[in-house]
file run29.pdb (PDB, C-alpha atoms)
ATOM      1  CA  MET A 221      91.283  89.792  86.583
ATOM      2  CA  LYS A 222      92.673  92.731  84.599
ATOM      3  CA  LEU A 223      92.971  95.919  86.592
ATOM      4  CA  LYS A 224      92.125  99.289  85.065
ATOM      5  CA  MET A 225      94.609 102.170  85.163
ATOM      6  CA  GLY A 226      92.430 104.047  87.668
ATOM      7  CA  GLU A 227      92.414 101.071  90.012
ATOM      8  CA  LEU A 228      96.185 100.620  89.702
ATOM      9  CA  ALA A 229      96.634 104.304  90.523
ATOM     10  CA  VAL A 230      94.418 103.890  93.596
ATOM     11  CA  MET A 231      96.421 100.868  94.767
ATOM     12  CA  LEU A 232      99.707 102.719  94.307
ATOM     13  CA  GLY A 233      98.399 105.850  96.000
ATOM     14  CA  ILE A 234      97.289 104.117  99.189
ATOM     15  CA  ALA A 235     100.503 102.038  99.198
ATOM     16  CA  ILE A 236     102.447 105.323  99.187
ATOM     17  CA  PHE A 237     100.363 106.529 102.138
ATOM     18  CA  ILE A 238     101.232 103.371 104.101
ATOM     19  CA  VAL A 239     104.952 103.737 103.354
ATOM     20  CA  LEU A 240     104.871 107.425 104.318
ATOM     21  CA  VAL A 241     103.218 106.527 107.627
ATOM     22  CA  GLN A 242     105.939 103.985 108.366
ATOM     23  CA  ILE A 243     108.817 106.267 107.332
ATOM     24  CA  ILE A 244     107.531 109.189 109.400
ATOM     25  CA  SER A 245     106.982 106.879 112.378
ATOM     26  CA  LEU A 246     110.557 105.625 112.158
ATOM     27  CA  PHE A 247     111.845 109.197 112.053
ATOM     28  CA  ILE A 248     109.879 110.484 115.045
ATOM     29  CA  ALA A 249     110.069 107.364 117.263
ATOM     30  CA  PRO A 250     113.611 108.101 118.597
ATOM     31  CA  ARG A 251     112.613 111.678 119.445
ATOM     32  CA  LEU A 252     109.539 110.535 121.359
ATOM     33  CA  THR A 253     111.695 108.001 123.220
ATOM     34  CA  THR A 254     114.250 110.685 124.121
ATOM     35  CA  TYR A 255     111.534 112.709 125.848
ATOM     36  CA  ASN A 256     109.927 109.633 127.492
ATOM     37  CA  LEU A 257     106.657 110.078 125.631
ATOM     38  CA  GLN A 258     105.689 106.406 125.632
ATOM     39  CA  ALA A 259     102.047 105.483 126.107
ATOM     40  CA  PHE A 260     103.156 103.121 128.897
ATOM     41  CA  GLY A 261     105.847 103.781 131.485
ATOM     42  CA  ASN A 262     108.228 100.897 130.812
ATOM     43  CA  PRO A 263     108.064  99.048 127.452
ATOM     44  CA  GLN A 264     110.007  96.133 128.963
ATOM     45  CA  SER A 265     107.611  95.671 131.888
ATOM     46  CA  SER A 266     105.907  92.287 132.197
ATOM     47  CA  TRP A 267     102.656  94.187 132.799
ATOM     48  CA  ASN A 268     102.685  95.147 129.124
ATOM     49  CA  TYR A 269     101.789  91.569 128.217
ATOM     50  CA  ALA A 270      98.312  92.411 129.481
ATOM     51  CA  ALA A 271      98.235  95.624 127.420
ATOM     52  CA  PRO A 272      96.784  93.985 124.252
ATOM     53  CA  VAL A 273      93.796  92.628 126.173
ATOM     54  CA  PHE A 274      93.356  95.977 127.925
ATOM     55  CA  TYR A 275      93.590  97.817 124.600
ATOM     56  CA  VAL A 276      91.017  95.586 122.911
ATOM     57  CA  ALA A 277      88.661  95.937 125.884
ATOM     58  CA  ILE A 278      88.875  99.719 125.542
ATOM     59  CA  LEU A 279      88.311  99.381 121.793
ATOM     60  CA  LEU A 280      85.153  97.338 122.341
ATOM     61  CA  VAL A 281      83.755  99.839 124.821
ATOM     62  CA  PHE A 282      84.688 102.757 122.561
ATOM     63  CA  THR A 283      83.109 101.107 119.506
ATOM     64  CA  ALA A 284      79.900 100.390 121.426
ATOM     65  CA  ALA A 285      79.808 104.016 122.597
ATOM     66  CA  LEU A 286      80.277 105.315 119.038
ATOM     67  CA  LEU A 287      77.499 103.071 117.709
ATOM     68  CA  LEU A 288      75.214 104.290 120.480
ATOM     69  CA  ILE A 289      76.056 107.917 119.696
ATOM     70  CA  LEU A 290      75.344 107.321 116.004
ATOM     71  CA  LYS A 291      72.047 105.668 116.864
ATOM     72  CA  TYR A 292      70.904 108.780 118.704
ATOM     73  CA  LYS A 293      72.321 111.041 115.957
ATOM     74  CA  ALA A 294      74.731 112.899 118.240
ATOM     75  CA  GLY A 295      77.438 113.193 115.620
ATOM     76  CA  TRP A 296      78.796 116.363 117.197
ATOM     77  CA  LEU A 297      79.936 114.301 120.200
ATOM     78  CA  ILE A 298      81.941 111.961 117.955
ATOM     79  CA  GLN A 299      83.454 114.982 116.213
ATOM     80  CA  LEU A 300      84.474 116.376 119.593
ATOM     81  CA  ILE A 301      86.019 113.101 120.813
ATOM     82  CA  MET A 302      87.801 112.373 117.535
ATOM     83  CA  GLY A 303      88.857 115.993 117.166
ATOM     84  CA  LEU A 304      90.579 115.975 120.551
ATOM     85  CA  ALA A 305      92.274 112.641 119.768
ATOM     86  CA  ILE A 306      93.484 113.942 116.405
ATOM     87  CA  LEU A 307      94.683 117.209 117.932
ATOM     88  CA  SER A 308      96.645 115.483 120.698
ATOM     89  CA  THR A 309      98.275 113.025 118.277
ATOM     90  CA  LEU A 310      99.313 115.844 115.948
ATOM     91  CA  VAL A 311     100.987 117.573 118.901
ATOM     92  CA  TYR A 312     103.244 114.520 119.380
ATOM     93  CA  VAL A 313     104.116 114.462 115.677
ATOM     94  CA  PHE A 314     104.886 118.169 115.396
ATOM     95  CA  PHE A 315     106.837 118.166 118.660
ATOM     96  CA  ALA A 316     109.023 115.314 117.403
ATOM     97  CA  ALA A 317     109.436 117.105 114.064
ATOM     98  CA  MET A 318     110.545 120.312 115.803
ATOM     99  CA  VAL A 319     113.178 118.676 118.006
ATOM    100  CA  MET A 320     114.383 116.650 115.007
ATOM    101  CA  ALA A 321     114.711 119.716 112.771
ATOM    102  CA  PHE A 322     116.129 121.963 115.525
ATOM    103  CA  PRO A 323     118.064 119.778 118.010
ATOM    104  CA  SER A 324     118.963 122.725 120.245
ATOM    105  CA  ILE A 325     115.411 124.058 120.550
ATOM    106  CA  ASP A 326     113.941 124.393 124.034
ATOM    107  CA  ALA A 327     111.358 121.689 124.717
ATOM    108  CA  THR A 328     108.768 124.218 125.923
ATOM    109  CA  ILE A 329     109.097 126.303 122.773
ATOM    110  CA  ALA A 330     108.864 123.166 120.640
ATOM    111  CA  ALA A 331     105.706 122.137 122.510
ATOM    112  CA  VAL A 332     104.095 125.574 122.013
ATOM    113  CA  ILE A 333     104.850 125.539 118.283
ATOM    114  CA  ALA A 334     103.574 121.948 118.024
ATOM    115  CA  CYS A 335     100.311 122.887 119.750
ATOM    116  CA  ALA A 336      99.835 125.917 117.483
ATOM    117  CA  ALA A 337     100.489 123.896 114.321
ATOM    118  CA  SER A 338      98.114 121.166 115.495
ATOM    119  CA  VAL A 339      95.328 123.653 116.208
ATOM    120  CA  ILE A 340      95.768 125.272 112.782
ATOM    121  CA  LEU A 341      95.699 121.955 110.948
ATOM    122  CA  THR A 342      92.710 120.701 112.919
ATOM    123  CA  GLY A 343      90.929 123.982 112.206
ATOM    124  CA  LEU A 344      91.634 123.570 108.493
ATOM    125  CA  LEU A 345      90.063 120.140 108.689
ATOM    126  CA  LEU A 346      86.877 121.575 110.193
ATOM    127  CA  VAL A 347      86.656 124.355 107.623
ATOM    128  CA  TYR A 348      87.601 122.394 104.513
ATOM    129  CA  PRO A 349      87.375 118.591 104.916
ATOM    130  CA  GLU A 350      88.367 117.686 101.367
ATOM    131  CA  TRP A 351      89.993 114.329 100.598
ATOM    132  CA  TYR A 352      93.569 115.613 100.312
ATOM    133  CA  ILE A 353      93.287 117.438 103.647
ATOM    134  CA  ILE A 354      91.858 114.263 105.178
ATOM    135  CA  ASP A 355      94.764 112.250 103.753
ATOM    136  CA  ILE A 356      97.518 114.645 104.882
ATOM    137  CA  ILE A 357      96.197 114.739 108.431
ATOM    138  CA  GLY A 358      95.504 110.994 108.337
ATOM    139  CA  ILE A 359      99.114 110.234 107.416
ATOM    140  CA  LEU A 360     100.404 112.368 110.297
ATOM    141  CA  VAL A 361      97.914 110.944 112.807
ATOM    142  CA  ALA A 362      98.633 107.340 111.775
ATOM    143  CA  ALA A 363     102.384 107.965 111.942
ATOM    144  CA  GLY A 364     102.070 109.503 115.397
ATOM    145  CA  ALA A 365      99.922 106.676 116.733
ATOM    146  CA  GLY A 366     102.150 104.006 115.199
ATOM    147  CA  ALA A 367     105.286 105.560 116.672
ATOM    148  CA  LEU A 368     103.734 106.213 120.082
ATOM    149  CA  PHE A 369     102.507 102.655 120.587
ATOM    150  CA  GLY A 370     105.472 101.107 118.792
ATOM    151  CA  ILE A 371     107.925 102.563 121.327
ATOM    152  CA  SER A 372     105.591 101.675 124.185
ATOM    153  CA  LEU A 373     105.170  97.935 123.614
ATOM    154  CA  ASN A 374     107.919  95.360 123.267
ATOM    155  CA  ILE A 375     107.826  92.746 120.502
ATOM    156  CA  ILE A 376     105.662  90.059 122.144
ATOM    157  CA  PRO A 377     102.824  92.386 123.274
ATOM    158  CA  THR A 378     102.847  94.037 119.856
ATOM    159  CA  LEU A 379     102.538  90.684 118.080
ATOM    160  CA  MET A 380      99.741  89.670 120.463
ATOM    161  CA  LEU A 381      97.888  92.900 119.749
ATOM    162  CA  LEU A 382      98.149  92.488 115.977
ATOM    163  CA  ILE A 383      96.837  88.915 116.131
ATOM    164  CA  ILE A 384      93.921  89.810 118.410
ATOM    165  CA  LEU A 385      92.942  92.830 116.307
ATOM    166  CA  ALA A 386      93.137  90.828 113.079
ATOM    167  CA  VAL A 387      90.656  88.331 114.515
ATOM    168  CA  TYR A 388      88.447  91.139 115.837
ATOM    169  CA  ASP A 389      88.464  92.921 112.470
ATOM    170  CA  PHE A 390      87.476  89.704 110.689
ATOM    171  CA  ILE A 391      84.530  89.185 113.034
ATOM    172  CA  SER A 392      83.412  92.827 112.995
ATOM    173  CA  VAL A 393      83.429  93.078 109.183
ATOM    174  CA  TYR A 394      82.285  89.633 108.032
ATOM    175  CA  LYS A 395      80.186  88.363 110.947
ATOM    176  CA  THR A 396      78.616  91.102 113.065
ATOM    177  CA  LYS A 397      79.241  93.738 110.348
ATOM    178  CA  HIS A 398      79.167  96.487 112.971
ATOM    179  CA  MET A 399      82.475  97.915 111.734
ATOM    180  CA  ILE A 400      80.926  98.636 108.324
ATOM    181  CA  LYS A 401      78.020 100.358 110.006
ATOM    182  CA  LEU A 402      80.415 102.399 112.110
ATOM    183  CA  ALA A 403      82.493 103.373 109.061
ATOM    184  CA  GLU A 404      79.372 104.515 107.208
ATOM    185  CA  GLY A 405      78.254 106.681 110.117
ATOM    186  CA  VAL A 406      81.634 108.226 110.830
ATOM    187  CA  MET A 407      82.386 108.849 107.144
ATOM    188  CA  ASP A 408      79.592 111.425 106.979
ATOM    189  CA  LEU A 409      81.367 113.387 109.737
ATOM    190  CA  LYS A 410      84.363 113.949 107.408
ATOM    191  CA  LEU A 411      87.039 113.005 109.948
ATOM    192  CA  PRO A 412      90.589 111.830 109.115
ATOM    193  CA  ILE A 413      90.112 108.289 110.365
ATOM    194  CA  LEU A 414      90.502 106.812 106.896
ATOM    195  CA  PHE A 415      92.507 107.301 103.735
ATOM    196  CA  VAL A 416      90.577 108.484 100.694
ATOM    197  CA  MET A 417      91.910 107.788  97.216
ATOM    198  CA  PRO A 418      89.693 109.035  94.353
ATOM    199  CA  ARG A 419      89.610 107.407  90.927
ATOM    200  CA  ARG A 420      89.177 110.775  89.200
ATOM    201  CA  TRP A 421      90.457 114.289  89.876
ATOM    202  CA  GLY A 422      87.022 115.898  90.126
ATOM    203  CA  TYR A 423      85.988 113.769  93.099
ATOM    204  CA  SER A 424      84.882 115.660  96.217
ATOM    205  CA  PHE A 425      84.900 113.933  99.592
ATOM    206  CA  LYS A 426      83.000 116.883 101.068
ATOM    207  CA  GLN A 427      79.997 116.038  98.897
ATOM    208  CA  ALA A 428      80.233 112.263  99.178
ATOM    209  CA  LYS A 429      77.411 110.470 100.976
ATOM    210  CA  GLY A 430      77.969 107.185 102.755
ATOM    211  CA  LEU A 431      80.336 104.315 102.108
ATOM    212  CA  PRO A 432      79.814 102.587  98.722
ATOM    213  CA  GLN A 433      79.003  98.907  99.141
ATOM    214  CA  GLU A 434      79.070  97.349  95.688
ATOM    215  CA  GLY A 435      79.791  98.206  92.071
ATOM    216  CA  GLU A 436      82.250 100.646  90.549
ATOM    217  CA  ARG A 437      83.026 103.499  92.900
ATOM    218  CA  GLU A 438      84.474 106.986  92.625
ATOM    219  CA  ALA A 439      86.948 106.505  95.457
ATOM    220  CA  TYR A 440      88.451 103.787  97.624
ATOM    221  CA  PHE A 441      88.853 103.978 101.391
ATOM    222  CA  MET A 442      91.097 102.390 103.982
ATOM    223  CA  GLY A 443      90.840 102.913 107.735
ATOM    224  CA  LEU A 444      93.807 104.474 109.520
ATOM    225  CA  GLY A 445      93.970 101.451 111.808
ATOM    226  CA  ASP A 446      94.982  99.353 108.813
ATOM    227  CA  ALA A 447      98.130 101.483 108.555
ATOM    228  CA  VAL A 448      98.700 102.012 112.291
ATOM    229  CA  MET A 449      98.811  98.360 113.371
ATOM    230  CA  PRO A 450     101.558  97.143 110.993
ATOM    231  CA  THR A 451     103.456 100.375 111.671
ATOM    232  CA  MET A 452     103.462  99.594 115.386
ATOM    233  CA  LEU A 453     105.358  96.392 114.626
ATOM    234  CA  VAL A 454     107.740  98.240 112.282
ATOM    235  CA  VAL A 455     108.621 100.725 115.022
ATOM    236  CA  SER A 456     108.756  98.126 117.799
ATOM    237  CA  ALA A 457     111.071  95.921 115.716
ATOM    238  CA  ASN A 458     113.335  98.859 114.911
ATOM    239  CA  VAL A 459     113.496 100.039 118.520
ATOM    240  CA  PHE A 460     113.887  96.737 120.345
ATOM    241  CA  LEU A 461     115.749  94.513 117.855
ATOM    242  CA  GLY A 462     118.971  94.650 115.836
ATOM    243  CA  PRO A 463     121.372  94.597 114.136
ATOM    244  CA  SER A 464     120.637  97.424 111.736
ATOM    245  CA  PHE A 465     120.342  96.982 107.995
ATOM    246  CA  THR A 466     121.121 100.691 107.716
ATOM    247  CA  SER A 467     121.425 103.431 110.323
ATOM    248  CA  PHE A 468     117.707 104.086 109.748
ATOM    249  CA  ILE A 469     116.072 100.643 109.751
ATOM    250  CA  ASN A 470     116.978  97.080 110.754
ATOM    251  CA  TYR A 471     116.156  93.806 109.008
ATOM    252  CA  PRO A 472     113.085  92.845 111.122
ATOM    253  CA  ALA A 473     111.541  96.294 110.599
ATOM    254  CA  LEU A 474     112.339  96.231 106.884
ATOM    255  CA  GLY A 475     110.804  92.762 106.608
ATOM    256  CA  THR A 476     107.681  94.090 108.313
ATOM    257  CA  VAL A 477     107.430  96.956 105.818
ATOM    258  CA  LEU A 478     107.794  94.615 102.833
ATOM    259  CA  GLY A 479     105.381  92.064 104.311
ATOM    260  CA  THR A 480     102.814  94.808 104.839
ATOM    261  CA  LEU A 481     103.074  95.914 101.216
ATOM    262  CA  VAL A 482     102.728  92.379  99.851
ATOM    263  CA  SER A 483      99.641  91.710 101.965
ATOM    264  CA  TYR A 484      98.259  95.146 101.043
ATOM    265  CA  ALA A 485      98.451  94.184  97.359
ATOM    266  CA  ALA A 486      96.462  91.020  98.150
ATOM    267  CA  LEU A 487      93.920  93.070 100.114
ATOM    268  CA  MET A 488      93.380  95.588  97.314
ATOM    269  CA  TYR A 489      93.084  92.800  94.755
ATOM    270  CA  ALA A 490      90.265  91.322  96.854
ATOM    271  CA  VAL A 491      88.585  94.731  97.271
ATOM    272  CA  ILE A 492      88.687  95.515  93.561
ATOM    273  CA  LYS A 493      87.706  92.017  92.449
ATOM    274  CA  LEU A 494      84.787  91.601  94.862
ATOM    275  CA  GLN A 495      83.783  95.292  94.871
ATOM    276  CA  LYS A 496      82.862  95.020  98.547
ATOM    277  CA  PRO A 497      84.436  96.323 101.784
ATOM    278  CA  GLN A 498      87.046  93.910 103.130
ATOM    279  CA  ALA A 499      88.579  93.510 106.574
ATOM    280  CA  GLY A 500      92.072  94.968 106.239
ATOM    281  CA  LEU A 501      93.813  93.729 109.371
ATOM    282  CA  PRO A 502      93.599  89.969 108.660
ATOM    283  CA  PHE A 503      95.591  90.665 105.482
ATOM    284  CA  LEU A 504      97.914  93.395 106.730
ATOM    285  CA  CYS A 505      98.709  92.027 110.188
ATOM    286  CA  THR A 506      99.421  88.589 108.739
ATOM    287  CA  GLY A 507     101.727  90.045 106.103
ATOM    288  CA  ALA A 508     103.476  92.274 108.626
ATOM    289  CA  ILE A 509     104.082  89.381 111.035
ATOM    290  CA  VAL A 510     105.349  87.029 108.307
ATOM    291  CA  GLY A 511     107.646  89.758 106.966
ATOM    292  CA  PHE A 512     108.860  90.485 110.491
ATOM    293  CA  LEU A 513     109.725  86.823 111.107
ATOM    294  CA  ILE A 514     111.583  86.586 107.794
ATOM    295  CA  GLY A 515     113.485  89.756 108.692
ATOM    296  CA  CYS A 516     114.429  88.255 112.060
ATOM    297  CA  LEU A 517     115.624  85.115 110.281
ATOM    298  CA  VAL A 518     117.786  87.163 107.928
ATOM    299  CA  ALA A 519     119.187  89.211 110.834
ATOM    300  CA  GLY A 520     119.819  86.105 112.906
ATOM    301  CA  VAL A 521     117.875  87.393 115.917
ATOM    302  CA  ASN A 522     115.368  85.589 118.123
ATOM    303  CA  PRO A 523     112.370  87.902 118.713
ATOM    304  CA  PHE A 524     110.991  85.631 121.459
TER
END

call {"tool": "encode", "arguments": {"input": "run29.pdb", "output": "structure tokens"}}
result
Amino acid sequence: MKLKMGELAVMLGIAIFIVLVQIISLFIAPRLTTYNLQAFGNPQSSWNYAAPVFYVAILLVFTAALLLILKYKAGWLIQLIMGLAILSTLVYVFFAAMVMAFPSIDATIAAVIACAASVILTGLLLVYPEWYIIDIIGILVAAGAGALFGISLNIIPTLMLLIILAVYDFISVYKTKHMIKLAEGVMDLKLPILFVMPRRWGYSFKQAKGLPQEGEREAYFMGLGDAVMPTMLVVSANVFLGPSFTSFINYPALGTVLGTLVSYAALMYAVIKLQKPQAGLPFLCTGAIVGFLIGCLVAGVNPF
């Protein structure tokens, strides 16, 4: 199959988004760790081995609730829930950015500035939900979530979570198809829970209706979760394993980044060739895990 220039540009654009998410996560992860901002108290705790099952259980309940809300056309409630989640995640990102840029800044002042910046950016989203605003906020939210969970779960729980979610994504897209239905409903709310990459400059996400199913499309979409999950493993590998390849990233984390990109290329090839929505996590989680294992082999470390 010969790809058109517009499709190649789309593939490159979303690949850049994924890399940006992973780079930002790696930058802010040490700052979140310094201030003990993990999602769970002790990343090394044996209780965290149950965290993947707990997380997936919450995901199932949350997905069922969203589908029920969409059924009764209470989109405002989803906007409220998602808006609060986006706002709180942005606070983590901006707080980490402040203490990274100004090491001597008082934590309270950094938190106030982070809250103000998060409110402004979330407000901009509500006023003008165009695709580039969606993408900017989506990159920051995905980076914050990836860093937060990456520093909170050790290697084994993170690998377990990626495997479970890859299986769940496969079932929800190809079997029950409820994830496609959910994406269609949430897309109309114009929230930054997906990346939007148009094939032409005049495209407007604000005016777009629904998620295209088949045929040539004006834009391509990828859920933020498809970037967050591999990024969790990147951060977890960089935090809990060594030695370092550079002062910024170690071999297992670098292998995870490269594995994610290779599997992303395979995913986009399938999307463009079949012209249908595809489950991203079976591709991306598999690539991330294989890349991680190769990186561990190169580094000479045993992740288990």

call {"tool": "resolve_selection", "arguments": {"input": "run29.pdb", "expression": "the PyMOL selection byres ((chain A and resi 232) around 12)", "output": "list in words"}}
result
Met225, Gly226, Glu227, Leu228, Ala229, Val230, Met231, Gly233, Ile234, Ala235, Ile236, Phe237, Ile238, Val239, Met417, Pro418, Arg419, Tyr440, Leu481, Tyr484, Ala485, Met488 and Tyr489 of chain A

call {"tool": "write_last_selection", "arguments": {"input": "run29.pdb", "atoms": "C-alpha atoms", "output": "PDB file, keeping the file's coordinate frame"}}
result
ATOM      1  CA  MET A 225      94.609 102.170  85.163  1.00  0.00           C
ATOM      2  CA  GLY A 226      92.430 104.047  87.668  1.00  0.00           C
ATOM      3  CA  GLU A 227      92.414 101.071  90.012  1.00  0.00           C
ATOM      4  CA  LEU A 228      96.185 100.620  89.702  1.00  0.00           C
ATOM      5  CA  ALA A 229      96.634 104.304  90.523  1.00  0.00           C
ATOM      6  CA  VAL A 230      94.418 103.890  93.596  1.00  0.00           C
ATOM      7  CA  MET A 231      96.421 100.868  94.767  1.00  0.00           C
ATOM      8  CA  GLY A 233      98.399 105.850  96.000  1.00  0.00           C
ATOM      9  CA  ILE A 234      97.289 104.117  99.189  1.00  0.00           C
ATOM     10  CA  ALA A 235     100.503 102.038  99.198  1.00  0.00           C
ATOM     11  CA  ILE A 236     102.447 105.323  99.187  1.00  0.00           C
ATOM     12  CA  PHE A 237     100.363 106.529 102.138  1.00  0.00           C
ATOM     13  CA  ILE A 238     101.232 103.371 104.101  1.00  0.00           C
ATOM     14  CA  VAL A 239     104.952 103.737 103.354  1.00  0.00           C
ATOM     15  CA  MET A 417      91.910 107.788  97.216  1.00  0.00           C
ATOM     16  CA  PRO A 418      89.693 109.035  94.353  1.00  0.00           C
ATOM     17  CA  ARG A 419      89.610 107.407  90.927  1.00  0.00           C
ATOM     18  CA  TYR A 440      88.451 103.787  97.624  1.00  0.00           C
ATOM     19  CA  LEU A 481     103.074  95.914 101.216  1.00  0.00           C
ATOM     20  CA  TYR A 484      98.259  95.146 101.043  1.00  0.00           C
ATOM     21  CA  ALA A 485      98.451  94.184  97.359  1.00  0.00           C
ATOM     22  CA  MET A 488      93.380  95.588  97.314  1.00  0.00           C
ATOM     23  CA  TYR A 489      93.084  92.800  94.755  1.00  0.00           C
TER      24      TYR A 489
END

call {"tool": "closest_residue", "arguments": {"input": "run29.pdb", "among": "A:Met452, A:Ile514, A:Leu478, A:Leu279", "to": "Ile371 in chain A", "atoms": "only C-alpha atoms"}}
result
A:Met452

call {"tool": "residues_around", "arguments": {"input": "run29.pdb", "residues": "Val477 in chain A", "least_positions_apart": "2", "cutoff": "8 Å", "atoms": "only C-alpha atoms", "output": "MDAnalysis selection string"}}
result
chainID A and resid 239 242 450:451 454 473:475 479:481 508 511

call {"tool": "residues_near_point", "arguments": {"input": "run29.pdb", "point": "(85.1, 103.1, 107.8)", "cutoff": "12 Å", "atoms": "only C-alpha atoms", "output": "PyMOL selection string"}}
result
chain A and resi 389+392-393+397-416+430-433+440-446+497-500

call {"tool": "closest_residue", "arguments": {"input": "run29.pdb", "among": "A:Val347, A:Ile376, A:Leu382, A:Val276", "to": "Pro502 in chain A", "atoms": "only C-alpha atoms"}}
result
A:Leu382

call {"tool": "resolve_selection", "arguments": {"input": "run29.pdb", "expression": "the PyMOL selection byres ((chain A and resi 456) around 9)", "output": "PyMOL selection string"}}
result
chain A and resi 367+369-375+378+451-455+457-461+473

call {"tool": "residues_around", "arguments": {"input": "run29.pdb", "residues": "Leu307 in chain A", "least_positions_apart": "2", "cutoff": "7 Å", "atoms": "all atoms listed in the file", "output": "PyMOL selection string"}}
result
chain A and resi 303-305+309-311+338-339+342

call {"tool": "atom_distance", "arguments": {"input": "run29.pdb", "atom1": "CA of Ile325 in chain A", "atom2": "CA of Leu345 in chain A"}}
result
28.3 Å

call {"tool": "atom_distance", "arguments": {"input": "run29.pdb", "atom1": "CA of Leu257 in chain A", "atom2": "CA of Ser245 in chain A"}}
result
13.6 Å

call {"tool": "atom_distance", "arguments": {"input": "run29.pdb", "atom1": "CA of Gly422 in chain A", "atom2": "CA of Tyr348 in chain A"}}
result
15.8 Å

call {"tool": "resolve_selection", "arguments": {"input": "run29.pdb", "expression": "the PyMOL selection byres ((chain A and resi 244) around 9)", "output": "count of residues only"}}
result
16

call {"tool": "residues_around", "arguments": {"input": "run29.pdb", "residues": "range 331-336 of chain A", "least_positions_apart": "4", "cutoff": "10 Å", "atoms": "only C-alpha atoms", "output": "ChimeraX atom specification"}}
result
/A:307-308,310-319,326-327,340-342
